[in-house]
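Participant: You'll find data08.txt just under this line, and it carries compact mmCIF, C-alpha atoms.
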```
# COMPACT_ATOMS: atom_id res chain seq x y z
CA MET A 1 94.79 44.81 -23.44
CA LYS A 2 94.71 41.12 -24.44
CA LEU A 3 96.28 38.37 -22.36
CA ARG A 4 99.68 37.10 -23.52
CA PRO A 5 101.30 33.64 -23.25
CA ASP A 6 103.83 32.97 -20.49
CA THR A 7 102.08 35.32 -18.09
CA LEU A 8 100.46 34.52 -14.77
CA ALA A 9 97.28 36.25 -15.92
CA MET A 10 96.90 33.90 -18.92
CA THR A 11 97.55 30.87 -16.72
CA ALA A 12 95.02 32.04 -14.14
CA VAL A 13 92.24 32.57 -16.70
CA LEU A 14 92.87 29.18 -18.32
CA ALA A 15 92.86 27.61 -14.86
CA MET A 16 89.51 29.20 -14.04
CA LEU A 17 88.07 27.75 -17.24
CA THR A 18 89.16 24.24 -16.27
CA ALA A 19 87.90 24.83 -12.71
CA LEU A 20 84.32 25.37 -13.86
CA GLY A 21 83.46 21.65 -13.79
CA PRO A 22 84.93 20.90 -10.33
CA LEU A 23 83.30 24.04 -8.98
CA SER A 24 79.92 22.91 -10.32
CA THR A 25 80.23 19.73 -8.29
CA ASP A 26 82.18 20.71 -5.19
CA PHE A 27 79.97 23.67 -4.29
CA TYR A 28 76.94 21.52 -3.59
CA LEU A 29 78.62 18.39 -2.16
CA PRO A 30 77.91 19.42 1.47
CA SER A 31 74.22 19.82 0.53
CA LEU A 32 73.69 16.30 -0.88
CA PRO A 33 72.30 14.80 2.35
CA GLU A 34 69.88 17.75 2.64
CA ILE A 35 68.81 17.34 -1.01
CA VAL A 36 68.02 13.70 -0.21
CA ARG A 37 65.80 14.82 2.67
CA VAL A 38 64.08 17.80 1.03
CA MET A 39 63.35 16.10 -2.28
CA GLY A 40 62.29 12.79 -0.80
CA THR A 41 64.89 10.69 -2.59
CA ASP A 42 67.68 8.33 -1.52
CA VAL A 43 71.48 8.22 -1.84
CA ALA A 44 71.24 6.75 -5.34
CA GLY A 45 68.87 9.56 -6.38
CA ALA A 46 71.23 12.25 -5.14
CA GLN A 47 74.15 10.39 -6.73
CA ALA A 48 72.31 10.55 -10.05
CA THR A 49 72.68 14.36 -10.03
CA LEU A 50 76.45 13.82 -10.01
CA SER A 51 76.50 11.09 -12.62
CA SER A 52 74.11 12.95 -14.93
CA PHE A 53 76.60 15.82 -14.85
CA LEU A 54 79.34 13.50 -16.06
CA PHE A 55 77.18 11.96 -18.79
CA GLY A 56 76.24 15.46 -19.98
CA PHE A 57 79.87 16.46 -19.78
CA ALA A 58 80.85 13.44 -21.85
CA GLY A 59 78.27 14.33 -24.51
CA GLY A 60 79.59 17.87 -24.75
CA GLN A 61 83.13 16.60 -25.26
CA ILE A 62 82.15 15.11 -28.61
CA ILE A 63 81.45 18.42 -30.33
CA TRP A 64 83.16 21.35 -28.54
CA GLY A 65 86.74 20.38 -29.41
CA PRO A 66 86.25 19.59 -33.13
CA LEU A 67 84.00 22.67 -33.47
CA SER A 68 86.70 24.91 -32.01
CA ASP A 69 89.35 23.33 -34.26
CA ARG A 70 87.25 24.52 -37.19
CA ILE A 71 85.92 27.99 -36.20
CA GLY A 72 88.15 29.10 -33.31
CA ARG A 73 88.40 28.76 -29.54
CA ARG A 74 86.91 32.09 -28.42
CA PRO A 75 83.37 31.97 -29.94
CA VAL A 76 82.88 28.34 -28.90
CA LEU A 77 84.12 29.17 -25.42
CA LEU A 78 81.57 31.95 -25.02
CA ALA A 79 78.76 29.70 -26.25
CA GLY A 80 79.65 27.06 -23.65
CA LEU A 81 79.73 29.60 -20.83
CA ALA A 82 76.34 31.02 -21.85
CA LEU A 83 74.76 27.55 -21.85
CA PHE A 84 76.31 26.81 -18.46
CA ALA A 85 74.86 30.01 -16.98
CA LEU A 86 71.33 29.26 -18.20
CA ALA A 87 71.44 25.66 -16.99
CA THR A 88 72.80 26.71 -13.58
CA LEU A 89 69.81 29.01 -13.19
CA ALA A 90 67.57 26.03 -13.96
CA CYS A 91 69.38 24.00 -11.26
CA ALA A 92 68.75 26.73 -8.70
CA PHE A 93 65.00 26.66 -9.34
CA SER A 94 64.57 22.88 -9.77
CA PRO A 95 61.37 21.72 -8.03
CA SER A 96 62.22 17.99 -7.92
CA ILE A 97 65.13 15.56 -8.01
CA ASP A 98 64.29 14.60 -11.60
CA ALA A 99 64.33 18.25 -12.68
CA LEU A 100 67.63 18.83 -10.89
CA THR A 101 69.15 15.74 -12.50
CA ALA A 102 68.12 16.94 -15.98
CA ALA A 103 69.33 20.50 -15.34
CA ARG A 104 72.66 19.15 -14.13
CA ALA A 105 73.12 17.27 -17.42
CA LEU A 106 72.48 20.49 -19.36
CA GLN A 107 74.81 22.40 -17.03
CA ALA A 108 77.53 19.87 -17.77
CA LEU A 109 77.00 20.23 -21.49
CA GLY A 110 77.90 23.91 -21.13
CA ALA A 111 80.74 23.34 -18.65
CA SER A 112 82.49 20.83 -20.89
CA GLY A 113 83.27 23.53 -23.47
CA PRO A 114 85.47 25.77 -21.29
CA ILE A 115 87.30 22.78 -19.81
CA VAL A 116 88.04 21.16 -23.18
CA LEU A 117 89.06 24.48 -24.71
CA GLY A 118 91.22 25.51 -21.76
CA ARG A 119 93.39 22.43 -22.34
CA ALA A 120 93.35 22.87 -26.13
CA MET A 121 94.48 26.50 -25.76
CA VAL A 122 97.49 25.27 -23.80
CA ARG A 123 98.41 23.10 -26.79
CA ASP A 124 97.91 26.14 -29.07
CA LEU A 125 100.36 28.20 -27.03
CA TYR A 126 103.01 25.76 -25.77
CA GLU A 127 105.04 22.69 -26.82
CA GLY A 128 106.32 19.53 -25.10
CA PRO A 129 107.26 19.67 -21.39
CA ARG A 130 106.36 23.38 -21.39
CA ALA A 131 102.74 22.38 -22.06
CA GLY A 132 102.88 19.82 -19.26
CA LYS A 133 104.31 22.44 -16.92
CA GLU A 134 101.58 24.90 -17.90
CA LEU A 135 98.84 22.33 -17.23
CA ALA A 136 100.44 21.63 -13.85
CA ARG A 137 100.51 25.37 -13.08
CA MET A 138 96.87 25.59 -14.07
CA GLY A 139 96.11 22.63 -11.83
CA MET A 140 97.81 24.34 -8.90
CA ILE A 141 95.69 27.48 -9.35
CA MET A 142 92.57 25.50 -10.22
CA GLY A 143 93.03 23.48 -7.05
CA LEU A 144 92.35 26.54 -4.95
CA VAL A 145 88.78 26.63 -6.25
CA PRO A 146 87.72 23.15 -5.05
CA ALA A 147 89.69 23.76 -1.84
CA VAL A 148 87.46 26.72 -1.06
CA ALA A 149 84.25 25.55 -2.77
CA PRO A 150 83.14 22.80 -0.32
CA VAL A 151 83.87 25.04 2.66
CA LEU A 152 82.04 28.00 1.12
CA GLY A 153 79.31 25.63 -0.05
CA GLY A 154 78.86 24.40 3.52
CA VAL A 155 78.66 27.97 4.81
CA LEU A 156 76.16 28.98 2.10
CA HIS A 157 74.12 25.87 2.78
CA VAL A 158 73.85 26.65 6.50
CA ALA A 159 73.10 30.34 5.91
CA PHE A 160 70.83 30.29 2.84
CA GLY A 161 69.99 26.69 1.90
CA TRP A 162 71.21 24.34 -0.81
CA ARG A 163 69.98 26.44 -3.76
CA SER A 164 72.39 29.25 -2.89
CA THR A 165 75.37 27.20 -4.10
CA PHE A 166 73.97 27.25 -7.64
CA PHE A 167 73.54 31.01 -7.54
CA ALA A 168 77.23 31.27 -6.54
CA SER A 169 78.19 29.09 -9.54
CA LEU A 170 76.10 31.33 -11.79
CA LEU A 171 77.95 34.42 -10.61
CA PHE A 172 81.31 32.73 -11.25
CA SER A 173 80.33 31.84 -14.84
CA LEU A 174 79.15 35.39 -15.58
CA LEU A 175 82.46 36.79 -14.34
CA LEU A 176 84.31 34.36 -16.59
CA MET A 177 82.24 35.42 -19.61
CA GLY A 178 83.09 39.05 -18.95
CA THR A 179 86.79 38.21 -18.70
CA ILE A 180 86.81 36.26 -21.96
CA LEU A 181 85.01 39.06 -23.79
CA ALA A 182 87.40 41.69 -22.43
CA VAL A 183 90.89 40.18 -22.54
CA MET A 184 91.11 36.68 -24.08
CA PRO A 185 92.62 36.57 -27.61
CA GLU A 186 91.98 33.86 -30.19
CA THR A 187 94.73 31.24 -29.72
CA LEU A 188 94.03 28.87 -32.62
CA ARG A 189 96.81 29.26 -35.18
CA GLN A 190 96.12 26.32 -37.49
CA ARG A 191 92.45 25.78 -38.30
CA SER A 192 91.30 22.29 -39.22
CA ALA A 193 90.21 21.83 -42.84
CA GLN A 194 87.97 18.96 -41.79
CA PRO A 195 84.24 19.59 -42.48
CA LEU A 196 81.86 19.81 -39.53
CA SER A 197 79.88 16.59 -39.81
CA LEU A 198 79.32 13.62 -37.54
CA ARG A 199 81.15 11.36 -39.98
CA ALA A 200 84.16 13.69 -40.10
CA ILE A 201 84.24 14.01 -36.30
CA VAL A 202 84.12 10.24 -35.81
CA GLY A 203 86.80 9.81 -38.50
CA GLY A 204 88.99 12.34 -36.71
CA TYR A 205 88.69 10.41 -33.49
CA GLY A 206 89.72 7.31 -35.42
CA VAL A 207 92.98 9.04 -36.38
CA LEU A 208 93.66 9.71 -32.70
CA LEU A 209 92.88 6.17 -31.61
CA ARG A 210 95.29 4.64 -34.08
CA ASN A 211 98.07 6.11 -31.94
CA ARG A 212 98.69 3.51 -29.20
CA ALA A 213 100.49 5.94 -26.89
CA PHE A 214 97.48 8.26 -27.11
CA ARG A 215 95.25 5.42 -25.90
CA VAL A 216 97.53 4.75 -22.92
CA TYR A 217 97.65 8.39 -21.81
CA VAL A 218 93.89 8.76 -22.17
CA ALA A 219 93.38 5.64 -20.06
CA LEU A 220 95.74 6.94 -17.35
CA THR A 221 93.88 10.25 -17.24
CA ALA A 222 90.52 8.48 -17.03
CA LEU A 223 91.61 6.13 -14.25
CA ALA A 224 93.15 8.90 -12.14
CA TYR A 225 90.02 11.03 -12.39
CA ALA A 226 87.65 8.10 -11.83
CA GLY A 227 89.19 7.42 -8.43
CA LEU A 228 88.98 11.11 -7.62
CA PHE A 229 85.32 11.17 -8.62
CA ALA A 230 84.61 8.06 -6.56
CA PHE A 231 85.64 10.04 -3.50
CA ILE A 232 83.75 13.14 -4.64
CA SER A 233 80.54 11.18 -5.11
CA GLY A 234 80.72 9.05 -1.98
CA SER A 235 82.65 11.04 0.62
CA SER A 236 79.78 13.20 1.88
CA PHE A 237 77.78 10.06 2.71
CA VAL A 238 80.79 8.31 4.27
CA LEU A 239 82.22 11.21 6.26
CA GLY A 240 78.82 12.76 7.04
CA GLY A 241 76.58 9.70 7.30
CA VAL A 242 78.98 7.10 8.72
CA TYR A 243 81.41 9.29 10.69
CA GLY A 244 78.98 12.10 11.60
CA LEU A 245 80.85 15.15 10.23
CA SER A 246 78.81 18.34 9.76
CA PRO A 247 78.58 20.04 6.31
CA VAL A 248 81.23 22.60 7.32
CA GLN A 249 83.51 19.94 8.83
CA TYR A 250 83.11 17.90 5.67
CA GLY A 251 84.09 20.94 3.59
CA PHE A 252 87.32 21.31 5.55
CA SER A 253 88.11 17.59 5.31
CA PHE A 254 87.57 17.67 1.55
CA ALA A 255 90.00 20.59 1.35
CA PHE A 256 92.84 18.33 2.57
CA GLY A 257 92.56 16.35 -0.65
CA VAL A 258 92.58 19.53 -2.69
CA LEU A 259 95.77 20.58 -0.92
CA GLY A 260 97.20 17.17 -1.82
CA PHE A 261 96.27 17.78 -5.46
CA ILE A 262 97.93 21.21 -5.41
CA GLY A 263 101.01 19.64 -3.83
CA GLY A 264 101.11 17.12 -6.68
CA THR A 265 100.95 19.85 -9.33
CA ILE A 266 103.72 21.82 -7.60
CA LEU A 267 105.88 18.70 -7.43
CA ALA A 268 105.17 18.02 -11.11
CA GLN A 269 106.38 21.49 -12.09
CA ARG A 270 109.65 20.91 -10.23
CA LEU A 271 110.26 17.42 -11.58
CA VAL A 272 109.08 17.55 -15.19
CA GLY A 273 112.26 19.28 -16.40
CA SER A 274 114.57 16.62 -14.96
CA ARG A 275 112.41 13.48 -15.08
CA GLY A 276 110.25 14.22 -18.10
CA MET A 277 106.50 13.81 -18.30
CA ASP A 278 106.58 10.00 -18.05
CA GLY A 279 108.82 10.17 -14.99
CA VAL A 280 106.29 12.40 -13.24
CA ILE A 281 103.40 10.13 -14.26
CA GLY A 282 105.27 7.11 -12.85
CA LEU A 283 105.54 8.75 -9.45
CA GLY A 284 101.89 9.76 -9.63
CA VAL A 285 100.49 6.28 -10.31
CA LEU A 286 102.49 5.01 -7.33
CA PHE A 287 100.72 7.58 -5.14
CA LEU A 288 97.34 6.57 -6.60
CA ALA A 289 97.88 2.94 -5.64
CA LEU A 290 99.30 3.73 -2.19
CA GLY A 291 96.55 6.24 -1.40
CA GLY A 292 93.76 3.82 -2.34
CA LEU A 293 95.30 0.92 -0.43
CA ALA A 294 95.97 3.11 2.63
CA MET A 295 92.32 4.18 2.68
CA LEU A 296 91.22 0.55 2.40
CA GLY A 297 93.43 -0.35 5.35
CA ALA A 298 92.19 2.59 7.42
CA VAL A 299 88.52 1.73 6.89
CA ALA A 300 88.96 -2.03 7.32
CA THR A 301 90.86 -1.64 10.61
CA GLY A 302 89.20 1.54 11.88
CA ALA A 303 92.61 3.15 12.29
CA GLY A 304 92.44 6.92 12.58
CA GLY A 305 88.68 7.21 12.12
CA PRO A 306 87.79 9.94 9.61
CA PHE A 307 91.36 11.27 9.74
CA GLY A 308 92.67 7.99 8.28
CA ILE A 309 90.31 8.42 5.33
CA VAL A 310 91.19 12.09 4.83
CA ALA A 311 94.96 11.47 4.97
CA SER A 312 94.70 8.66 2.41
CA TRP A 313 92.51 10.87 0.22
CA ALA A 314 95.19 13.58 0.29
CA LEU A 315 97.83 11.07 -0.87
CA TYR A 316 95.60 9.83 -3.70
CA ALA A 317 94.80 13.40 -4.75
CA CYS A 318 98.53 14.22 -4.83
CA GLY A 319 98.89 11.36 -7.32
CA VAL A 320 96.11 12.85 -9.44
CA GLY A 321 97.97 16.18 -9.50
CA LEU A 322 101.05 14.37 -10.79
CA VAL A 323 99.32 12.12 -13.34
CA MET A 324 96.57 14.12 -15.00
CA PRO A 325 98.34 17.26 -16.33
CA GLN A 326 101.24 15.27 -17.76
CA SER A 327 99.00 12.58 -19.27
CA GLN A 328 96.74 15.21 -20.85
CA ALA A 329 99.70 17.05 -22.35
CA SER A 330 101.29 13.82 -23.59
CA ALA A 331 98.03 12.79 -25.28
CA MET A 332 97.74 16.09 -27.19
CA MET A 333 101.38 16.54 -28.21
CA PRO A 334 101.32 14.51 -31.47
CA PHE A 335 98.25 16.36 -32.79
CA PRO A 336 98.80 20.13 -33.18
CA ASP A 337 95.99 20.40 -35.75
CA ARG A 338 93.60 18.25 -33.69
CA ALA A 339 94.32 19.53 -30.17
CA GLY A 340 90.65 20.31 -29.60
CA ALA A 341 89.55 16.85 -30.73
CA ALA A 342 92.30 15.19 -28.67
CA SER A 343 91.25 17.17 -25.59
CA SER A 344 87.60 16.31 -26.27
CA PHE A 345 88.19 12.57 -26.59
CA ASN A 346 90.39 12.58 -23.49
CA GLY A 347 87.63 14.26 -21.53
CA LEU A 348 84.95 12.01 -23.03
CA CYS A 349 86.66 8.86 -21.77
CA GLN A 350 87.46 10.49 -18.45
CA MET A 351 83.86 11.48 -17.80
CA LEU A 352 82.22 8.29 -19.05
CA LEU A 353 84.36 6.10 -16.81
CA SER A 354 83.85 8.45 -13.84
CA ALA A 355 80.07 8.52 -14.36
CA CYS A 356 79.96 4.72 -14.27
CA VAL A 357 82.18 4.62 -11.18
CA GLY A 358 79.99 7.23 -9.49
CA LEU A 359 76.86 5.19 -10.14
CA LEU A 360 78.61 2.09 -8.80
CA VAL A 361 79.64 3.86 -5.60
CA GLY A 362 76.13 5.29 -5.14
CA HIS A 363 74.56 1.82 -5.32
CA LEU A 364 77.20 0.14 -3.15
CA LEU A 365 77.05 2.63 -0.27
CA LYS A 366 74.47 1.14 2.10
CA GLY A 367 75.58 2.50 5.46
CA SER A 368 79.13 1.13 5.23
CA ALA A 369 82.27 3.09 4.32
CA LEU A 370 84.07 0.04 2.86
CA PRO A 371 82.84 0.23 -0.78
CA LEU A 372 84.50 3.62 -1.31
CA PRO A 373 88.11 2.54 -0.57
CA LEU A 374 87.55 -0.76 -2.37
CA VAL A 375 86.73 1.11 -5.57
CA MET A 376 89.53 3.69 -5.13
CA SER A 377 92.21 1.11 -4.36
CA GLY A 378 91.18 -1.00 -7.35
CA ILE A 379 91.44 2.00 -9.67
CA GLY A 380 94.78 3.11 -8.21
CA VAL A 381 96.34 -0.32 -8.65
CA ALA A 382 94.95 -0.57 -12.20
CA ALA A 383 96.60 2.75 -13.14
CA PHE A 384 99.91 1.59 -11.66
CA VAL A 385 99.79 -1.72 -13.57
CA LEU A 386 98.87 0.01 -16.84
CA PHE A 387 101.77 2.41 -16.58
CA LYS A 388 104.28 -0.33 -15.78
CA THR A 389 103.13 -2.59 -18.63
CA SER A 390 102.98 0.15 -21.30
CA ALA A 391 106.59 1.33 -21.24
CA GLY A 392 107.31 0.13 -24.78
CA VAL A 393 104.19 1.72 -26.24
CA ARG A 394 104.89 5.06 -24.56
CA ALA A 395 108.52 5.04 -25.67
CA ALA A 396 107.45 4.50 -29.29
CA LYS A 397 105.03 7.49 -29.07
CA GLY A 398 102.86 6.00 -31.77
```
Spell out the structure here as C-alpha cells.

Facilitator:
Amino acid sequence: MKLRPDTLAMTAVLAMLTALGPLSTDFYLPSLPEIVRVMGTDVAGAQATLSSFLFGFAGGQIIWGPLSDRIGRRPVLLAGLALFALATLACAFSPSIDALTAARALQALGASGPIVLGRAMVRDLYEGPRAGKELARMGMIMGLVPAVAPVLGGVLHVAFGWRSTFFASLLFSLLLMGTILAVMPETLRQRSAQPLSLRAIVGGYGVLLRNRAFRVYVALTALAYAGLFAFISGSSFVLGGVYGLSPVQYGFSFAFGVLGFIGGTILAQRLVGSRGMDGVIGLGVLFLALGGLAMLGAVATGAGGPFGIVASWALYACGVGLVMPQSQASAMMPFPDRAGAASSFNGLCQMLLSACVGLLVGHLLKGSALPLPLVMSGIGVAAFVLFKTSAGVRAAKG
C-alpha cells in the first residue's frame, strides 16, 4: 500500500528524508575532539569535515531538484540515498583526516537529494499555508532525530569509538531506501519541459531570482540555518573544551536546542492559520536576534556558565523552527512547475553561507567561547533587520 497525502505516515517519511543531513552531522559531533586527537589534526582540520559536508551539499543542490522536475522525484531520491550509503561506508573506514573530509563531501552530495526532494514533494502535494504547516510538522518530527543523535552518538563513541556513528548513519539510510521502494508513490504531477543541460538549469535559476520575494525568503532561510550551523560546528569545542562537558553531557546539552527547534515548529503550526506565514517568520527572527544576543551576554559576563549558553541556544533554535519551514514554503509557492529547482537553490544558498560561517567559527575558536556568540548574534540581528526592511517586497510577492 502506497503512502497518501494528509497522513501522519507520509509526513513522517518526508521528515526522515529531510533529517538525513542533520543526522549525518549530529551523530559524530561528540566525537570531534577525539577525531582531532586520533588523526593528529587541529580544530580547523576537524571543522573542515563539517564544512566539506556543506560544500558537497551545496554542489548536490544544483542538479537534484531540476533533475527531479524532469524525470520524477522517486528515481532521483533512490539514487541520492544509494550514493549517501556508499559514501557513509567510506567515512567509516577513512584512514586520515583528508580522506574523511573528502568522504564527507561525497556523503553530502548524496544526502542533498533526499532533503531537496522532501521539500519539493511537499510543494507537489500541498498549497499555501497548508504547505507551510506540513513543513513545520515535518520539522517537529525531524527534530526528534537530532535530539537523539548527539546523545546516541556520545554513547556509541564511548562504547565502540568514533567510527561507529557512521555505521549507524549507514543503517538509517538503508532503512530509508527500503521504505521508499516499498511505499512511496511518485508525487510529481507536472513535469518540467525544460531540457536537462547546464545552460537550461542556470536559466531556470535566473527565472527564480527575478522574483524579489523569492530572494528575501531564501536569504532568511540561509541566515537562520547559518546561525544554527555556527553552533553545530563550534559547540563541541566550546562546551567540551572550554567548559569541560563530557561527550554524553554535550549530547544532552545539544538536545535542549533541538527541543527548542521542535517547540518552534509546534508554535508555527498553531499560529500559521491566524497570523499567516509572514507573521510566524516575524516572530521567529525576533527569537533569532534575542537568542544570539542572550548567548553573547552570557559568555561575556560568565552568567550561568554552560547553562547560559544552552538556554540561549534553545531560544535561537526555537526561532529557527519558526523561520525556516515558513520561509522555505513561501519561496516555493510561486513556482509549482519549478518546485525542485526552487528547493535546490534555497538549499544551495543555505549550505554555502553555512559552510563559510562554519569555517569562520573554526578559525576563530582559539580557546575562547566568545567568537561563537559573536557570530550567532550578528546573524540573528541581520535576519531581524532583513525581515523588517523587506515588508514591501514580501507583500508584492514578486

Participant: Name all residues at most 12 Å from Cys91 of chain A (count all atoms listed in the file; drop same-chain ones fewer than 5 positions away) and give them as number ranges by chain.

Facilitator: A: 24, 28, 49, 53, 84-86, 96-108, 162-170

Participant: Any idea what's packed within 12 Å of Leu23 of chain A, counting all atoms listed in the file, ignoring anything in its chain fewer than 4 positions away? Could you give it as a PyMOL selection string?

Facilitator: chain A and resi 15-19+27-29+88+107-108+111+115+142-153+165-166+168-173+232

Participant: Measuring between all atoms listed in the file, which one of A:Cys356, A:Leu374, A:Ala303, A:Ala341 shows the shortest distance to Gly113 of chain A?

Facilitator: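 That would be A:Ala341, the residue with the smallest distance to Gly113 of chain A.
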
Participant: Taking all atoms listed in the file into account, which of A:Arg275, A:Arg4, A:Arg189, A:His363 comes nearest Ser68 of chain A?

Facilitator: A:Arg189

Participant: Counting all atoms listed in the file, which of A:Met295, A:Leu267, A:Ile35, A:Leu156 gets nearest to Val310 of chain A?

Facilitator: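 That would be A:Met295, the residue with the smallest distance to Val310 of chain A.
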
Participant: For Val116 of chain A, which residue out of A:Ser343, A:Thr11, A:Ser235, A:Ser246 is the nearest one, using only C-alpha atoms?

Facilitator: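 Of the candidates, the smallest distance to Val116 of chain A is held by A:Ser343.
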
Participant: I'd like to know which of A:Ala369, A:Met121, A:Ala255, A:Cys318 is closest to Pro185 of chain A, using all atoms listed in the file.

Facilitator: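 Closest candidate: A:Met121.
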
Participant: Which distance in Å separates atom CA of Phe287 of chain A and atom CA of Gly319 of chain A, to one decimal?

Facilitator: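 So the answer is 4.7 Å.
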
Participant: Report, in Å with one decimal, the straight-line distance from atom CA of Phe57 of chain A to atom CA of Phe345 of chain A.

Facilitator: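 Distance between the two atoms: 11.4 Å.
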
Participant: For the interface of segment 51-168 of chain A with segment 202-223 of chain A (cut-off 12 Å, counting only C-alpha atoms), please tabulate each contacting residue of segment 51-168 of chain A alongside its nearest pair of atoms and their separation in Å to one decimal, rows sorted by chain and increasing number, as a Markdown table.

Facilitator:
```
| residue | atom | partner | partner_atom | distance |
| --- | --- | --- | --- | --- |
| A:Ala58 | CA | A:Ala222 | CA | 11.9 |
| A:Gln61 | CA | A:Tyr205 | CA | 11.7 |
| A:Ile62 | CA | A:Val202 | CA | 8.9 |
| A:Ile63 | CA | A:Val202 | CA | 10.2 |
| A:Gly65 | CA | A:Tyr205 | CA | 10.9 |
| A:Pro66 | CA | A:Gly204 | CA | 8.5 |
| A:Leu67 | CA | A:Gly204 | CA | 11.9 |
| A:Asp69 | CA | A:Gly204 | CA | 11.3 |
```

Participant: As a ChimeraX atom specification, please: the residues near Ser233 of chain A (cut-off 8 Å, all atoms listed in the file, same-chain neighbours under 6 positions excluded).

Facilitator: /A:47,50,358,361-362

Participant: Can you tell me how far atom CA of Met277 of chain A sits from atom CA of Pro373 of chain A, in Å to one decimal?

Facilitator: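 Those two atoms sit 27.9 Å apart.
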